[in-house]
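This is model.pdb (PDB, N, CA and C atoms, pLDDT in the B column).
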```
ATOM      1  N   MET T   1    -120.293  24.364-119.235  1.00 63.00           N
ATOM      2  CA  MET T   1    -120.556  25.793-119.255  1.00 63.00           C
ATOM      3  C   MET T   1    -120.680  26.252-120.713  1.00 63.00           C
ATOM      4  N   PRO T   2    -121.759  26.959-121.071  1.00 64.00           N
ATOM      5  CA  PRO T   2    -121.917  27.415-122.455  1.00 64.00           C
ATOM      6  C   PRO T   2    -120.883  28.491-122.778  1.00 64.00           C
ATOM      7  N   PRO T   3    -120.470  28.556-124.048  1.00 66.00           N
ATOM      8  CA  PRO T   3    -119.486  29.580-124.433  1.00 66.00           C
ATOM      9  C   PRO T   3    -120.082  30.975-124.316  1.00 66.00           C
ATOM     10  N   ARG T   4    -119.233  31.925-123.943  1.00 64.00           N
ATOM     11  CA  ARG T   4    -119.661  33.325-123.864  1.00 64.00           C
ATOM     12  C   ARG T   4    -119.766  33.903-125.265  1.00 64.00           C
ATOM     13  N   PRO T   5    -120.784  34.693-125.534  1.00 65.00           N
ATOM     14  CA  PRO T   5    -120.839  35.350-126.846  1.00 65.00           C
ATOM     15  C   PRO T   5    -119.696  36.349-126.969  1.00 65.00           C
ATOM     16  N   LEU T   6    -119.160  36.459-128.146  1.00 75.00           N
ATOM     17  CA  LEU T   6    -118.071  37.395-128.386  1.00 75.00           C
ATOM     18  C   LEU T   6    -118.622  38.800-128.536  1.00 75.00           C
ATOM     19  N   GLU T   7    -118.021  39.730-127.827  1.00 87.00           N
ATOM     20  CA  GLU T   7    -118.454  41.117-127.919  1.00 87.00           C
ATOM     21  C   GLU T   7    -117.960  41.739-129.217  1.00 87.00           C
ATOM     22  N   VAL T   8    -118.686  42.721-129.685  1.00 89.00           N
ATOM     23  CA  VAL T   8    -118.286  43.461-130.872  1.00 89.00           C
ATOM     24  C   VAL T   8    -117.391  44.606-130.411  1.00 89.00           C
ATOM     25  N   GLY T   9    -116.185  44.660-130.943  1.00 91.00           N
ATOM     26  CA  GLY T   9    -115.220  45.683-130.549  1.00 91.00           C
ATOM     27  C   GLY T   9    -115.378  46.960-131.359  1.00 91.00           C
ATOM     28  N   PRO T  10    -114.481  47.916-131.141  1.00 92.00           N
ATOM     29  CA  PRO T  10    -114.565  49.212-131.823  1.00 92.00           C
ATOM     30  C   PRO T  10    -114.538  49.113-133.346  1.00 92.00           C
ATOM     31  N   ALA T  11    -113.701  48.236-133.895  1.00 92.00           N
ATOM     32  CA  ALA T  11    -113.645  48.100-135.359  1.00 92.00           C
ATOM     33  C   ALA T  11    -114.959  47.533-135.891  1.00 92.00           C
ATOM     34  N   GLY T  12    -115.547  46.591-135.167  1.00 92.00           N
ATOM     35  CA  GLY T  12    -116.831  46.024-135.574  1.00 92.00           C
ATOM     36  C   GLY T  12    -117.947  47.036-135.519  1.00 92.00           C
ATOM     37  N   ILE T  13    -117.928  47.875-134.501  1.00 93.00           N
ATOM     38  CA  ILE T  13    -118.944  48.930-134.382  1.00 93.00           C
ATOM     39  C   ILE T  13    -118.788  49.930-135.522  1.00 93.00           C
ATOM     40  N   GLN T  14    -117.543  50.286-135.842  1.00 94.00           N
ATOM     41  CA  GLN T  14    -117.293  51.205-136.958  1.00 94.00           C
ATOM     42  C   GLN T  14    -117.784  50.605-138.270  1.00 94.00           C
ATOM     43  N   ALA T  15    -117.470  49.333-138.494  1.00 95.00           N
ATOM     44  CA  ALA T  15    -117.916  48.665-139.720  1.00 95.00           C
ATOM     45  C   ALA T  15    -119.440  48.639-139.787  1.00 95.00           C
ATOM     46  N   ALA T  16    -120.090  48.357-138.674  1.00 95.00           N
ATOM     47  CA  ALA T  16    -121.556  48.311-138.635  1.00 95.00           C
ATOM     48  C   ALA T  16    -122.146  49.652-139.039  1.00 95.00           C
ATOM     49  N   ARG T  17    -121.616  50.730-138.477  1.00 95.00           N
ATOM     50  CA  ARG T  17    -122.122  52.072-138.809  1.00 95.00           C
ATOM     51  C   ARG T  17    -121.891  52.396-140.281  1.00 95.00           C
ATOM     52  N   THR T  18    -120.705  52.066-140.764  1.00 95.00           N
ATOM     53  CA  THR T  18    -120.376  52.395-142.153  1.00 95.00           C
ATOM     54  C   THR T  18    -121.219  51.585-143.125  1.00 95.00           C
ATOM     55  N   ILE T  19    -121.460  50.329-142.823  1.00 96.00           N
ATOM     56  CA  ILE T  19    -122.317  49.503-143.687  1.00 96.00           C
ATOM     57  C   ILE T  19    -123.696  50.138-143.796  1.00 96.00           C
ATOM     58  N   GLU T  20    -124.254  50.535-142.663  1.00 96.00           N
ATOM     59  CA  GLU T  20    -125.592  51.143-142.681  1.00 96.00           C
ATOM     60  C   GLU T  20    -125.588  52.460-143.458  1.00 96.00           C
ATOM     61  N   ILE T  21    -124.581  53.284-143.249  1.00 95.00           N
ATOM     62  CA  ILE T  21    -124.494  54.569-143.953  1.00 95.00           C
ATOM     63  C   ILE T  21    -124.413  54.348-145.459  1.00 95.00           C
ATOM     64  N   LEU T  22    -123.504  53.470-145.896  1.00 95.00           N
ATOM     65  CA  LEU T  22    -123.339  53.235-147.334  1.00 95.00           C
ATOM     66  C   LEU T  22    -124.586  52.598-147.941  1.00 95.00           C
ATOM     67  N   ARG T  23    -125.196  51.689-147.210  1.00 96.00           N
ATOM     68  CA  ARG T  23    -126.416  51.034-147.719  1.00 96.00           C
ATOM     69  C   ARG T  23    -127.515  52.060-147.943  1.00 96.00           C
ATOM     70  N   THR T  24    -127.724  52.942-146.965  1.00 96.00           N
ATOM     71  CA  THR T  24    -128.792  53.930-147.106  1.00 96.00           C
ATOM     72  C   THR T  24    -128.444  54.975-148.159  1.00 96.00           C
ATOM     73  N   GLU T  25    -127.170  55.359-148.262  1.00 95.00           N
ATOM     74  CA  GLU T  25    -126.765  56.301-149.317  1.00 95.00           C
ATOM     75  C   GLU T  25    -127.063  55.744-150.701  1.00 95.00           C
ATOM     76  N   ARG T  26    -126.973  54.432-150.831  1.00 96.00           N
ATOM     77  CA  ARG T  26    -127.219  53.791-152.133  1.00 96.00           C
ATOM     78  C   ARG T  26    -128.699  53.451-152.328  1.00 96.00           C
ATOM     79  N   GLY T  27    -129.528  53.794-151.349  1.00 97.00           N
ATOM     80  CA  GLY T  27    -130.965  53.555-151.465  1.00 97.00           C
ATOM     81  C   GLY T  27    -131.350  52.094-151.385  1.00 97.00           C
ATOM     82  N   LEU T  28    -130.552  51.305-150.676  1.00 98.00           N
ATOM     83  CA  LEU T  28    -130.826  49.875-150.562  1.00 98.00           C
ATOM     84  C   LEU T  28    -131.475  49.559-149.219  1.00 98.00           C
ATOM     85  N   SER T  29    -132.432  48.661-149.245  1.00 97.00           N
ATOM     86  CA  SER T  29    -132.977  48.134-147.999  1.00 97.00           C
ATOM     87  C   SER T  29    -132.019  47.058-147.499  1.00 97.00           C
ATOM     88  N   GLN T  30    -132.203  46.657-146.256  1.00 97.00           N
ATOM     89  CA  GLN T  30    -131.380  45.560-145.739  1.00 97.00           C
ATOM     90  C   GLN T  30    -131.608  44.298-146.556  1.00 97.00           C
ATOM     91  N   ARG T  31    -132.840  44.059-146.937  1.00 97.00           N
ATOM     92  CA  ARG T  31    -133.142  42.871-147.747  1.00 97.00           C
ATOM     93  C   ARG T  31    -132.423  42.922-149.099  1.00 97.00           C
ATOM     94  N   GLN T  32    -132.413  44.089-149.732  1.00 98.00           N
ATOM     95  CA  GLN T  32    -131.744  44.211-151.026  1.00 98.00           C
ATOM     96  C   GLN T  32    -130.241  43.965-150.899  1.00 98.00           C
ATOM     97  N   LEU T  33    -129.625  44.526-149.857  1.00 98.00           N
ATOM     98  CA  LEU T  33    -128.189  44.297-149.679  1.00 98.00           C
ATOM     99  C   LEU T  33    -127.926  42.831-149.344  1.00 98.00           C
ATOM    100  N   ALA T  34    -128.736  42.251-148.486  1.00 98.00           N
ATOM    101  CA  ALA T  34    -128.570  40.828-148.153  1.00 98.00           C
ATOM    102  C   ALA T  34    -128.727  39.964-149.404  1.00 98.00           C
ATOM    103  N   ASP T  35    -129.650  40.321-150.284  1.00 98.00           N
ATOM    104  CA  ASP T  35    -129.824  39.586-151.541  1.00 98.00           C
ATOM    105  C   ASP T  35    -128.580  39.706-152.426  1.00 98.00           C
ATOM    106  N   ARG T  36    -127.977  40.897-152.468  1.00 98.00           N
ATOM    107  CA  ARG T  36    -126.741  41.084-153.244  1.00 98.00           C
ATOM    108  C   ARG T  36    -125.617  40.216-152.692  1.00 98.00           C
ATOM    109  N   VAL T  37    -125.501  40.207-151.362  1.00 98.00           N
ATOM    110  CA  VAL T  37    -124.464  39.405-150.709  1.00 98.00           C
ATOM    111  C   VAL T  37    -124.691  37.923-151.017  1.00 98.00           C
ATOM    112  N   THR T  38    -125.928  37.476-150.927  1.00 98.00           N
ATOM    113  CA  THR T  38    -126.269  36.086-151.222  1.00 98.00           C
ATOM    114  C   THR T  38    -125.953  35.757-152.679  1.00 98.00           C
ATOM    115  N   ALA T  39    -126.258  36.665-153.598  1.00 98.00           N
ATOM    116  CA  ALA T  39    -125.983  36.446-155.016  1.00 98.00           C
ATOM    117  C   ALA T  39    -124.489  36.321-155.291  1.00 98.00           C
ATOM    118  N   LEU T  40    -123.678  36.891-154.419  1.00 97.00           N
ATOM    119  CA  LEU T  40    -122.223  36.790-154.561  1.00 97.00           C
ATOM    120  C   LEU T  40    -121.685  35.484-153.957  1.00 97.00           C
ATOM    121  N   GLY T  41    -122.589  34.616-153.496  1.00 97.00           N
ATOM    122  CA  GLY T  41    -122.189  33.306-153.014  1.00 97.00           C
ATOM    123  C   GLY T  41    -121.986  33.192-151.513  1.00 97.00           C
ATOM    124  N   HIS T  42    -122.421  34.204-150.774  1.00 96.00           N
ATOM    125  CA  HIS T  42    -122.289  34.189-149.309  1.00 96.00           C
ATOM    126  C   HIS T  42    -123.688  34.366-148.725  1.00 96.00           C
ATOM    127  N   PRO T  43    -124.425  33.265-148.544  1.00 97.00           N
ATOM    128  CA  PRO T  43    -125.806  33.377-148.078  1.00 97.00           C
ATOM    129  C   PRO T  43    -125.918  34.222-146.800  1.00 97.00           C
ATOM    130  N   MET T  44    -126.803  35.230-146.867  1.00 96.00           N
ATOM    131  CA  MET T  44    -126.993  36.118-145.726  1.00 96.00           C
ATOM    132  C   MET T  44    -128.445  36.586-145.688  1.00 96.00           C
ATOM    133  N   PRO T  45    -129.206  36.111-144.715  1.00 97.00           N
ATOM    134  CA  PRO T  45    -130.570  36.631-144.579  1.00 97.00           C
ATOM    135  C   PRO T  45    -130.534  38.084-144.101  1.00 97.00           C
ATOM    136  N   ASN T  46    -131.582  38.831-144.401  1.00 95.00           N
ATOM    137  CA  ASN T  46    -131.599  40.240-143.986  1.00 95.00           C
ATOM    138  C   ASN T  46    -131.566  40.381-142.469  1.00 95.00           C
ATOM    139  N   THR T  47    -132.039  39.365-141.735  1.00 96.00           N
ATOM    140  CA  THR T  47    -131.969  39.437-140.273  1.00 96.00           C
ATOM    141  C   THR T  47    -130.523  39.416-139.789  1.00 96.00           C
ATOM    142  N   MET T  48    -129.665  38.688-140.475  1.00 96.00           N
ATOM    143  CA  MET T  48    -128.250  38.665-140.110  1.00 96.00           C
ATOM    144  C   MET T  48    -127.618  40.027-140.385  1.00 96.00           C
ATOM    145  N   LEU T  49    -127.939  40.609-141.526  1.00 97.00           N
ATOM    146  CA  LEU T  49    -127.422  41.933-141.851  1.00 97.00           C
ATOM    147  C   LEU T  49    -127.908  42.954-140.830  1.00 97.00           C
ATOM    148  N   SER T  50    -129.159  42.851-140.430  1.00 97.00           N
ATOM    149  CA  SER T  50    -129.703  43.753-139.420  1.00 97.00           C
ATOM    150  C   SER T  50    -128.922  43.636-138.113  1.00 97.00           C
ATOM    151  N   ARG T  51    -128.618  42.422-137.701  1.00 96.00           N
ATOM    152  CA  ARG T  51    -127.857  42.217-136.469  1.00 96.00           C
ATOM    153  C   ARG T  51    -126.437  42.752-136.599  1.00 96.00           C
ATOM    154  N   ILE T  52    -125.843  42.636-137.780  1.00 96.00           N
ATOM    155  CA  ILE T  52    -124.505  43.202-138.000  1.00 96.00           C
ATOM    156  C   ILE T  52    -124.567  44.716-137.885  1.00 96.00           C
ATOM    157  N   GLU T  53    -125.548  45.345-138.536  1.00 96.00           N
ATOM    158  CA  GLU T  53    -125.663  46.805-138.508  1.00 96.00           C
ATOM    159  C   GLU T  53    -125.935  47.330-137.102  1.00 96.00           C
ATOM    160  N   ARG T  54    -126.622  46.567-136.283  1.00 96.00           N
ATOM    161  CA  ARG T  54    -126.910  46.991-134.907  1.00 96.00           C
ATOM    162  C   ARG T  54    -125.807  46.566-133.943  1.00 96.00           C
ATOM    163  N   ALA T  55    -124.712  46.025-134.475  1.00 94.00           N
ATOM    164  CA  ALA T  55    -123.571  45.544-133.684  1.00 94.00           C
ATOM    165  C   ALA T  55    -124.003  44.503-132.663  1.00 94.00           C
ATOM    166  N   GLN T  56    -124.965  43.680-133.048  1.00 94.00           N
ATOM    167  CA  GLN T  56    -125.408  42.575-132.198  1.00 94.00           C
ATOM    168  C   GLN T  56    -124.822  41.260-132.683  1.00 94.00           C
ATOM    169  N   ARG T  57    -124.127  41.314-133.821  1.00 93.00           N
ATOM    170  CA  ARG T  57    -123.455  40.131-134.380  1.00 93.00           C
ATOM    171  C   ARG T  57    -122.119  40.592-134.934  1.00 93.00           C
ATOM    172  N   ARG T  58    -121.108  39.796-134.656  1.00 92.00           N
ATOM    173  CA  ARG T  58    -119.786  40.117-135.189  1.00 92.00           C
ATOM    174  C   ARG T  58    -119.788  39.954-136.706  1.00 92.00           C
ATOM    175  N   CYS T  59    -119.121  40.850-137.376  1.00 91.00           N
ATOM    176  CA  CYS T  59    -118.946  40.800-138.828  1.00 91.00           C
ATOM    177  C   CYS T  59    -117.569  40.196-139.070  1.00 91.00           C
ATOM    178  N   ASP T  60    -117.520  38.911-139.457  1.00 92.00           N
ATOM    179  CA  ASP T  60    -116.215  38.284-139.645  1.00 92.00           C
ATOM    180  C   ASP T  60    -115.599  38.732-140.970  1.00 92.00           C
ATOM    181  N   ALA T  61    -114.387  38.311-141.216  1.00 94.00           N
ATOM    182  CA  ALA T  61    -113.651  38.755-142.408  1.00 94.00           C
ATOM    183  C   ALA T  61    -114.395  38.398-143.691  1.00 94.00           C
ATOM    184  N   ASP T  62    -114.976  37.211-143.748  1.00 96.00           N
ATOM    185  CA  ASP T  62    -115.726  36.810-144.947  1.00 96.00           C
ATOM    186  C   ASP T  62    -116.931  37.705-145.167  1.00 96.00           C
ATOM    187  N   ASP T  63    -117.663  37.992-144.087  1.00 96.00           N
ATOM    188  CA  ASP T  63    -118.817  38.900-144.178  1.00 96.00           C
ATOM    189  C   ASP T  63    -118.359  40.270-144.676  1.00 96.00           C
ATOM    190  N   LEU T  64    -117.298  40.788-144.068  1.00 97.00           N
ATOM    191  CA  LEU T  64    -116.796  42.122-144.398  1.00 97.00           C
ATOM    192  C   LEU T  64    -116.430  42.238-145.873  1.00 97.00           C
ATOM    193  N   VAL T  65    -115.728  41.241-146.383  1.00 97.00           N
ATOM    194  CA  VAL T  65    -115.275  41.277-147.782  1.00 97.00           C
ATOM    195  C   VAL T  65    -116.457  41.243-148.740  1.00 97.00           C
ATOM    196  N   VAL T  66    -117.402  40.343-148.517  1.00 98.00           N
ATOM    197  CA  VAL T  66    -118.520  40.221-149.459  1.00 98.00           C
ATOM    198  C   VAL T  66    -119.498  41.394-149.337  1.00 98.00           C
ATOM    199  N   ILE T  67    -119.695  41.922-148.131  1.00 98.00           N
ATOM    200  CA  ILE T  67    -120.551  43.106-147.991  1.00 98.00           C
ATOM    201  C   ILE T  67    -119.914  44.283-148.712  1.00 98.00           C
ATOM    202  N   SER T  68    -118.606  44.443-148.567  1.00 97.00           N
ATOM    203  CA  SER T  68    -117.933  45.550-149.263  1.00 97.00           C
ATOM    204  C   SER T  68    -118.049  45.378-150.775  1.00 97.00           C
ATOM    205  N   GLU T  69    -117.930  44.137-151.244  1.00 98.00           N
ATOM    206  CA  GLU T  69    -118.073  43.877-152.680  1.00 98.00           C
ATOM    207  C   GLU T  69    -119.489  44.233-153.150  1.00 98.00           C
ATOM    208  N   ALA T  70    -120.480  43.881-152.354  1.00 98.00           N
ATOM    209  CA  ALA T  70    -121.868  44.185-152.707  1.00 98.00           C
ATOM    210  C   ALA T  70    -122.135  45.690-152.700  1.00 98.00           C
ATOM    211  N   LEU T  71    -121.390  46.428-151.866  1.00 97.00           N
ATOM    212  CA  LEU T  71    -121.534  47.896-151.800  1.00 97.00           C
ATOM    213  C   LEU T  71    -120.575  48.621-152.763  1.00 97.00           C
ATOM    214  N   LEU T  72    -119.758  47.845-153.470  1.00 97.00           N
ATOM    215  CA  LEU T  72    -118.805  48.386-154.453  1.00 97.00           C
ATOM    216  C   LEU T  72    -117.757  49.306-153.818  1.00 97.00           C
ATOM    217  N   VAL T  73    -117.247  48.882-152.659  1.00 96.00           N
ATOM    218  CA  VAL T  73    -116.172  49.610-151.991  1.00 96.00           C
ATOM    219  C   VAL T  73    -115.116  48.613-151.528  1.00 96.00           C
ATOM    220  N   SER T  74    -113.958  49.127-151.163  1.00 96.00           N
ATOM    221  CA  SER T  74    -112.905  48.301-150.590  1.00 96.00           C
ATOM    222  C   SER T  74    -113.304  47.907-149.168  1.00 96.00           C
ATOM    223  N   PRO T  75    -112.896  46.729-148.719  1.00 96.00           N
ATOM    224  CA  PRO T  75    -113.157  46.365-147.326  1.00 96.00           C
ATOM    225  C   PRO T  75    -112.583  47.385-146.342  1.00 96.00           C
ATOM    226  N   LEU T  76    -111.492  48.036-146.708  1.00 95.00           N
ATOM    227  CA  LEU T  76    -110.901  49.050-145.822  1.00 95.00           C
ATOM    228  C   LEU T  76    -111.857  50.204-145.556  1.00 95.00           C
ATOM    229  N   VAL T  77    -112.681  50.531-146.524  1.00 95.00           N
ATOM    230  CA  VAL T  77    -113.642  51.628-146.360  1.00 95.00           C
ATOM    231  C   VAL T  77    -114.582  51.342-145.185  1.00 95.00           C
ATOM    232  N   LEU T  78    -114.948  50.069-145.012  1.00 95.00           N
ATOM    233  CA  LEU T  78    -115.868  49.717-143.940  1.00 95.00           C
ATOM    234  C   LEU T  78    -115.211  49.812-142.565  1.00 95.00           C
ATOM    235  N   LEU T  79    -113.896  49.771-142.523  1.00 92.00           N
ATOM    236  CA  LEU T  79    -113.177  49.794-141.249  1.00 92.00           C
ATOM    237  C   LEU T  79    -112.704  51.179-140.845  1.00 92.00           C
ATOM    238  N   GLN T  80    -112.688  52.109-141.782  1.00 88.00           N
ATOM    239  CA  GLN T  80    -112.172  53.453-141.509  1.00 88.00           C
ATOM    240  C   GLN T  80    -113.301  54.400-141.171  1.00 88.00           C
ATOM    241  N   ARG T  81    -112.993  55.380-140.352  1.00 75.00           N
ATOM    242  CA  ARG T  81    -113.964  56.421-140.041  1.00 75.00           C
ATOM    243  C   ARG T  81    -114.165  57.277-141.285  1.00 75.00           C
ATOM    244  N   PRO T  82    -115.402  57.693-141.546  1.00 64.00           N
ATOM    245  CA  PRO T  82    -115.640  58.568-142.703  1.00 64.00           C
ATOM    246  C   PRO T  82    -114.837  59.863-142.556  1.00 64.00           C
ATOM    247  N   THR T  83    -114.314  60.349-143.666  1.00 61.00           N
ATOM    248  CA  THR T  83    -113.584  61.615-143.651  1.00 61.00           C
ATOM    249  C   THR T  83    -114.490  62.728-144.134  1.00 61.00           C
ATOM    250  N   ALA T  84    -114.325  63.896-143.569  1.00 49.00           N
ATOM    251  CA  ALA T  84    -115.115  65.067-143.974  1.00 49.00           C
ATOM    252  C   ALA T  84    -114.693  65.486-145.376  1.00 49.00           C
ATOM    253  N   THR T  85    -115.674  65.785-146.206  1.00 47.00           N
ATOM    254  CA  THR T  85    -115.363  66.225-147.580  1.00 47.00           C
ATOM    255  C   THR T  85    -115.763  67.662-147.777  1.00 47.00           C
TER
END
```

For the structure just supplied, provide its representation as structure tokens.
Amino acid sequence: MPPRPLEVGPAGIQAARTIEILRTERGLSQRQLADRVTALGHPMPNTMLSRIERAQRRCDADDLVVISEALLVSPLVLLQRPTAT
């Protein structure tokens, strides 16, 4: 029996939304952010980033840390709901 794909939970969905929001606020395309992540030593094609942002792929701890580094934020920022300013 093939393994079941792992569903993306609430924290993963929140991270996906926040990644997309921060990426667009910084004027980056998915390809540009994926290139930054790859340059930091964590190879990531833009298709993988797209799947993460659409919550079609789980964002593991390694992905989360390097994406946050590429966006110049703490990994916690990607997991928390945005606060009204």

Could you please give me, as a count of residues only, the residues of protein, DNA or RNA lying at most 10 Å from (-122.7, 49.2, -135.5) in the coordinate frame of the file, considering only C-alpha atoms?
23

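One distance worth recording is that between CA of Leu71 (chain T) and atom N of Ala39 (chain T), which is 12.3 Å.
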
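Atom N of Glu7 (chain T) to atom N of Gln80 (chain T) spans 19.4 Å [interatomic distance, one decimal].
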
Would you write out, as number ranges by chain, every residue that the PyMOL selection byres (((chain T and resi 66 and name CA) around 9) and name CA) captures in this file?
-> T: 37-38, 40-42, 61-65, 67-71, 75

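Within 8 Å of region 25-30 of chain T, once all atoms listed in the file are used and residues closer than 2 positions along the same chain are dropped, the contacting residues are Ile19, Glu20, Ile21, Leu22, Arg23, Gln32, Leu33, Ala34, Asp35, Arg36, Pro45, Asn46, Thr47, Leu49 and Ser50 of chain T.
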
File of the preceding selection, N, CA and C atoms, as a PDB file, keeping the file's coordinate frame:
```pdb
ATOM      1  N   ILE T  19    -121.460  50.329-142.823  1.00 96.00           N
ATOM      2  CA  ILE T  19    -122.317  49.503-143.687  1.00 96.00           C
ATOM      3  C   ILE T  19    -123.696  50.138-143.796  1.00 96.00           C
ATOM      4  N   GLU T  20    -124.254  50.535-142.663  1.00 96.00           N
ATOM      5  CA  GLU T  20    -125.592  51.143-142.681  1.00 96.00           C
ATOM      6  C   GLU T  20    -125.588  52.460-143.458  1.00 96.00           C
ATOM      7  N   ILE T  21    -124.581  53.284-143.249  1.00 95.00           N
ATOM      8  CA  ILE T  21    -124.494  54.569-143.953  1.00 95.00           C
ATOM      9  C   ILE T  21    -124.413  54.348-145.459  1.00 95.00           C
ATOM     10  N   LEU T  22    -123.504  53.470-145.896  1.00 95.00           N
ATOM     11  CA  LEU T  22    -123.339  53.235-147.334  1.00 95.00           C
ATOM     12  C   LEU T  22    -124.586  52.598-147.941  1.00 95.00           C
ATOM     13  N   ARG T  23    -125.196  51.689-147.210  1.00 96.00           N
ATOM     14  CA  ARG T  23    -126.416  51.034-147.719  1.00 96.00           C
ATOM     15  C   ARG T  23    -127.515  52.060-147.943  1.00 96.00           C
ATOM     16  N   GLN T  32    -132.413  44.089-149.732  1.00 98.00           N
ATOM     17  CA  GLN T  32    -131.744  44.211-151.026  1.00 98.00           C
ATOM     18  C   GLN T  32    -130.241  43.965-150.899  1.00 98.00           C
ATOM     19  N   LEU T  33    -129.625  44.526-149.857  1.00 98.00           N
ATOM     20  CA  LEU T  33    -128.189  44.297-149.679  1.00 98.00           C
ATOM     21  C   LEU T  33    -127.926  42.831-149.344  1.00 98.00           C
ATOM     22  N   ALA T  34    -128.736  42.251-148.486  1.00 98.00           N
ATOM     23  CA  ALA T  34    -128.570  40.828-148.153  1.00 98.00           C
ATOM     24  C   ALA T  34    -128.727  39.964-149.404  1.00 98.00           C
ATOM     25  N   ASP T  35    -129.650  40.321-150.284  1.00 98.00           N
ATOM     26  CA  ASP T  35    -129.824  39.586-151.541  1.00 98.00           C
ATOM     27  C   ASP T  35    -128.580  39.706-152.426  1.00 98.00           C
ATOM     28  N   ARG T  36    -127.977  40.897-152.468  1.00 98.00           N
ATOM     29  CA  ARG T  36    -126.741  41.084-153.244  1.00 98.00           C
ATOM     30  C   ARG T  36    -125.617  40.216-152.692  1.00 98.00           C
ATOM     31  N   PRO T  45    -129.206  36.111-144.715  1.00 97.00           N
ATOM     32  CA  PRO T  45    -130.570  36.631-144.579  1.00 97.00           C
ATOM     33  C   PRO T  45    -130.534  38.084-144.101  1.00 97.00           C
ATOM     34  N   ASN T  46    -131.582  38.831-144.401  1.00 95.00           N
ATOM     35  CA  ASN T  46    -131.599  40.240-143.986  1.00 95.00           C
ATOM     36  C   ASN T  46    -131.566  40.381-142.469  1.00 95.00           C
ATOM     37  N   THR T  47    -132.039  39.365-141.735  1.00 96.00           N
ATOM     38  CA  THR T  47    -131.969  39.437-140.273  1.00 96.00           C
ATOM     39  C   THR T  47    -130.523  39.416-139.789  1.00 96.00           C
ATOM     40  N   LEU T  49    -127.939  40.609-141.526  1.00 97.00           N
ATOM     41  CA  LEU T  49    -127.422  41.933-141.851  1.00 97.00           C
ATOM     42  C   LEU T  49    -127.908  42.954-140.830  1.00 97.00           C
ATOM     43  N   SER T  50    -129.159  42.851-140.430  1.00 97.00           N
ATOM     44  CA  SER T  50    -129.703  43.753-139.420  1.00 97.00           C
ATOM     45  C   SER T  50    -128.922  43.636-138.113  1.00 97.00           C
TER      46      SER T  50
END
```

(Q) Please identify the alpha helix (DSSP H) residues within chain T (assignment by DSSP from backbone atoms) and present them as a PyMOL selection string. (A) chain T and resi 10-25+30-39+46-53+61-71+75-79

Hey, can I get the axis-aligned box for region 69-73 of chain T? All listed atoms, 8 Å padding on each side, centre and edge lengths in Å to one decimal, as JSON.
```
{"center_x": -118.6, "center_y": 46.7, "center_z": -152.8, "size_x": 23.0, "size_y": 21.7, "size_z": 19.2}
```

Atom pair atom C of Arg81 (chain T) + atom N of Met44 (chain T), distance 26.0 Å

Kindly reconstruct region 61-70 of chain T with N, CA, C and O atoms and present the result as a JSON list (two decimals), in the coordinates of the input.
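Output file part.json follows:
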```json
[["chain", "number", "residue", "atom", "x", "y", "z"],
["T", 61, "ALA", "N", -114.39, 38.31, -141.22],
["T", 61, "ALA", "CA", -113.65, 38.76, -142.41],
["T", 61, "ALA", "C", -114.40, 38.40, -143.69],
["T", 61, "ALA", "O", -114.46, 39.20, -144.62],
["T", 62, "ASP", "N", -114.98, 37.21, -143.75],
["T", 62, "ASP", "CA", -115.73, 36.81, -144.95],
["T", 62, "ASP", "C", -116.93, 37.70, -145.17],
["T", 62, "ASP", "O", -117.21, 38.13, -146.29],
["T", 63, "ASP", "N", -117.66, 37.99, -144.09],
["T", 63, "ASP", "CA", -118.82, 38.90, -144.18],
["T", 63, "ASP", "C", -118.36, 40.27, -144.68],
["T", 63, "ASP", "O", -118.96, 40.85, -145.58],
["T", 64, "LEU", "N", -117.30, 40.79, -144.07],
["T", 64, "LEU", "CA", -116.80, 42.12, -144.40],
["T", 64, "LEU", "C", -116.43, 42.24, -145.87],
["T", 64, "LEU", "O", -116.81, 43.20, -146.55],
["T", 65, "VAL", "N", -115.73, 41.24, -146.38],
["T", 65, "VAL", "CA", -115.28, 41.28, -147.78],
["T", 65, "VAL", "C", -116.46, 41.24, -148.74],
["T", 65, "VAL", "O", -116.54, 42.04, -149.68],
["T", 66, "VAL", "N", -117.40, 40.34, -148.52],
["T", 66, "VAL", "CA", -118.52, 40.22, -149.46],
["T", 66, "VAL", "C", -119.50, 41.39, -149.34],
["T", 66, "VAL", "O", -120.05, 41.85, -150.35],
["T", 67, "ILE", "N", -119.70, 41.92, -148.13],
["T", 67, "ILE", "CA", -120.55, 43.11, -147.99],
["T", 67, "ILE", "C", -119.91, 44.28, -148.71],
["T", 67, "ILE", "O", -120.60, 45.04, -149.41],
["T", 68, "SER", "N", -118.61, 44.44, -148.57],
["T", 68, "SER", "CA", -117.93, 45.55, -149.26],
["T", 68, "SER", "C", -118.05, 45.38, -150.78],
["T", 68, "SER", "O", -118.26, 46.35, -151.50],
["T", 69, "GLU", "N", -117.93, 44.14, -151.24],
["T", 69, "GLU", "CA", -118.07, 43.88, -152.68],
["T", 69, "GLU", "C", -119.49, 44.23, -153.15],
["T", 69, "GLU", "O", -119.67, 44.85, -154.20],
["T", 70, "ALA", "N", -120.48, 43.88, -152.35],
["T", 70, "ALA", "CA", -121.87, 44.18, -152.71],
["T", 70, "ALA", "C", -122.14, 45.69, -152.70],
["T", 70, "ALA", "O", -122.98, 46.18, -153.44]]
```
